[in-house]
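A short worksheet on the structure shown next.
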Amino acid sequence: MTMELAIETRGLTKMFEDKLAVNALDLKVVKGSIYGFLGLNGAGKTTTIKMLLNLVYPTSGEAFVLGHDVVKDSVKIREKVGFVPEESHLYDYMRVSELIDFCRAIYSNWQVREVGRYLDLFELPLGKKVKELSKGMKNQLNLVLALGAGPELVILDEPTGGLDPVKTRDFFRVILEQVAEIGQTVFFSSHRLHEVERVADTVGIIHKGKLVFSKSLDDIKTNLKKIRVVFSEETSIAGLEKMPGVNMIKRQGRGYILECDGSVEQVKAKLNELNPVDIEVIDVGLEDVFMRYTGGGGDG
Ligand SMILES: Nc1ncnc2c1ncn2[C@@H]1O[C@H](COP(=O)(O)OP(=O)(O)OP(=O)(O)O)[C@@H](O)[C@H]1O
Ligand SMILES: [Mg+2]
């Protein structure tokens, strides 16, 4: 069965002169999911998002958002997608209340009740001009406006960059509530691993323009494990690296760390045949996964 996709890219590529910013990206975001798009600074997240919204023209490959071609049908996409950019592009001279009224007038599907609720939650000062708001407040306002239009898909480019921990929690509560209520799809970029781990149900990692990892968080929790094994004397475990499910083996003192993707019990049984003095299965968190695939670190 093929799941319905909110976003699909095939070989999507962007060259800026001689810089390969996005490299043959094959991305699949299932409808109704909350997809965390992770990557280091400069990995290609914003460039990918801009191609989805036809703000940057792909060098090659193709992409579909809600079934529409991003280049040919960008107008239809804009009608159905709420977008919160990395940097705010709001009308600075308008008051918050004027901006809300303005959007309410242009969007046929404006969610009056929800917008009221979000404005209360964020305690946004309705009488202030947009240019008088802090960076975090502008982020919140952007989110309210993006969700207010009642979009099928919300695309957020590092949405919580300027938010304090309390507002970050409120921000995601709003999103999660709305998703639960109307089955929206959310695609958001981030390098805050804890945030992604808490909110997303699916995670993709982009590294140097390539999608190096894409899995559901459930799958990560159930299948990705580390086995730490210690022997009383020098013991070779040669051959185990070829066992299905074993990704990588590292030496550690008189033992080894085996990074596994599935088949943990079989691998453990095999190791037990070698009479270890200690053997332990350790859960792998998103941080381990991120480090493994980027060779670097997040900031969260
Ligand atoms: N308009 C542009 N002209 C030239 N190079 C660009 C342009 N926009 C982005 N790049 C380059 O493309 C690469 C990807 O940038 P992008 O902004 O997509 O990264 P990002 O993953 O969003 O990073 P960050 O986490 O810092 O926001 C970087 O090397 C960047 O310097
Ligand atoms: Mg970016």
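Scheme for the structure tokens: letters A, B, ... for chains in order shown; per-chain residue numbers from 1; ligand numbers from 1 in order shown.
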
For Val30 of chain A, please output as a PyMOL selection string all residues within 7 Å (counting only C-alpha atoms; exclusion window: fewer than 4 positions along the same chain).
chain A and resi 3-6

To check your reading of the model: which residues sit at most 12 Å from ligand 1 when counting only C-alpha atoms and all ligand atoms? Write the answer as a PyMOL selection string.
chain A and resi 13-23+37-51+55-57+85-87+156-159+161+188-192+205-211+298-299

Could you find all residues in segment 158-268 of chain A that DSSP calls helix (DSSP H, G or I) from the backbone, and write them as an MDAnalysis selection string?
chainID A and resid 165:182 193:199 217:223 240:242 264:268

Strand (DSSP E) call set, DSSP backbone run, segment 110-188 of chain A, as a PDB file with C-alpha atoms, in the first residue's frame:
```pdb
ATOM      1  CA  LEU A 153       0.128  21.459   5.462  1.00  0.00           C
ATOM      2  CA  VAL A 154       2.230  23.686   7.697  1.00  0.00           C
ATOM      3  CA  ILE A 155       5.874  24.243   6.799  1.00  0.00           C
ATOM      4  CA  LEU A 156       8.003  25.792   9.519  1.00  0.00           C
ATOM      5  CA  ASP A 157      11.632  26.767   9.034  1.00  0.00           C
ATOM      6  CA  THR A 185       0.624  17.628   8.219  1.00  0.00           C
ATOM      7  CA  VAL A 186       3.526  19.516   9.772  1.00  0.00           C
ATOM      8  CA  PHE A 187       6.986  19.728   8.247  1.00  0.00           C
ATOM      9  CA  PHE A 188       9.497  21.632  10.340  1.00  0.00           C
TER      10      PHE A 188
END
```

One decimal, in Å: what's the spacing between atom CA of Val203 of chain A and atom CA of Gly36 of chain A?
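Atom CA of Gly36 of chain A lies at a distance of 4.8 Å from atom CA of Val203 of chain A.
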
Considering only C-alpha atoms, tabulate each residue of segment 124-241 of chain A that lies at most 7 Å from segment 102-112 of chain A along with its nearest interatomic pair and the corresponding distance in Å to one decimal; arrange the rows by chain and ascending residue number and present them as a Markdown table.
```
| residue | atom | partner | partner_atom | distance |
| --- | --- | --- | --- | --- |
| A:Gly148 | CA | A:Gln111 | CA | 5.1 |
| A:Ala149 | CA | A:Trp110 | CA | 4.7 |
| A:Gly150 | CA | A:Asn109 | CA | 6.1 |
```

Fewer than 5 positions away in the same chain doesn't count, so skip those; otherwise give me all residues within 6 Å of segment 62-78 of chain A, counting only C-alpha atoms, as a PyMOL selection string.
chain A and resi 6-10+12+52+54

Resulting file, chosen residues, N, CA, C and O atoms, as a PDB file, in the first residue's frame:
```pdb
ATOM      1  N   ALA A   6       2.200  14.065   1.600  1.00  0.00           N
ATOM      2  CA  ALA A   6       1.997  15.516   1.598  1.00  0.00           C
ATOM      3  C   ALA A   6       3.136  16.182   0.830  1.00  0.00           C
ATOM      4  O   ALA A   6       2.939  17.186   0.148  1.00  0.00           O
ATOM      5  N   ILE A   7       4.329  15.613   0.960  1.00  0.00           N
ATOM      6  CA  ILE A   7       5.500  16.138   0.242  1.00  0.00           C
ATOM      7  C   ILE A   7       6.247  14.964  -0.375  1.00  0.00           C
ATOM      8  O   ILE A   7       6.462  13.944   0.279  1.00  0.00           O
ATOM      9  N   GLU A   8       6.622  15.115  -1.633  1.00  0.00           N
ATOM     10  CA  GLU A   8       7.465  14.111  -2.261  1.00  0.00           C
ATOM     11  C   GLU A   8       8.455  14.811  -3.178  1.00  0.00           C
ATOM     12  O   GLU A   8       8.060  15.617  -4.023  1.00  0.00           O
ATOM     13  N   THR A   9       9.726  14.538  -2.993  1.00  0.00           N
ATOM     14  CA  THR A   9      10.719  15.075  -3.926  1.00  0.00           C
ATOM     15  C   THR A   9      11.458  13.912  -4.564  1.00  0.00           C
ATOM     16  O   THR A   9      11.648  12.869  -3.937  1.00  0.00           O
ATOM     17  N   ARG A  10      11.834  14.121  -5.811  1.00  0.00           N
ATOM     18  CA  ARG A  10      12.581  13.071  -6.525  1.00  0.00           C
ATOM     19  C   ARG A  10      13.818  13.690  -7.162  1.00  0.00           C
ATOM     20  O   ARG A  10      13.704  14.541  -8.048  1.00  0.00           O
ATOM     21  N   LEU A  12      15.649  15.948  -6.158  1.00  0.00           N
ATOM     22  CA  LEU A  12      15.606  17.419  -6.081  1.00  0.00           C
ATOM     23  C   LEU A  12      17.003  17.976  -5.774  1.00  0.00           C
ATOM     24  O   LEU A  12      17.642  17.576  -4.800  1.00  0.00           O
ATOM     25  N   LEU A  52      10.246  23.935  -2.164  1.00  0.00           N
ATOM     26  CA  LEU A  52       8.874  23.415  -2.019  1.00  0.00           C
ATOM     27  C   LEU A  52       7.846  24.525  -2.217  1.00  0.00           C
ATOM     28  O   LEU A  52       6.719  24.283  -2.640  1.00  0.00           O
ATOM     29  N   ASN A  54       8.437  27.243  -4.108  1.00  0.00           N
ATOM     30  CA  ASN A  54       8.748  27.953  -5.352  1.00  0.00           C
ATOM     31  C   ASN A  54       9.398  29.323  -5.097  1.00  0.00           C
ATOM     32  O   ASN A  54       9.227  30.255  -5.882  1.00  0.00           O
TER      33      ASN A  54
END
```

Shell of 7 Å around Met248 of chain A, only C-alpha atoms, local chain residues under 5 positions omitted, as a VMD selection string
chain A and resid 241 258 to 259

For segment 173-178 of chain A, work out the shell of residues within 8 Å, counting only C-alpha atoms and skipping chain neighbours fewer than 5 positions away, then give it as a ChimeraX atom specification.
/A:118,183-184,199
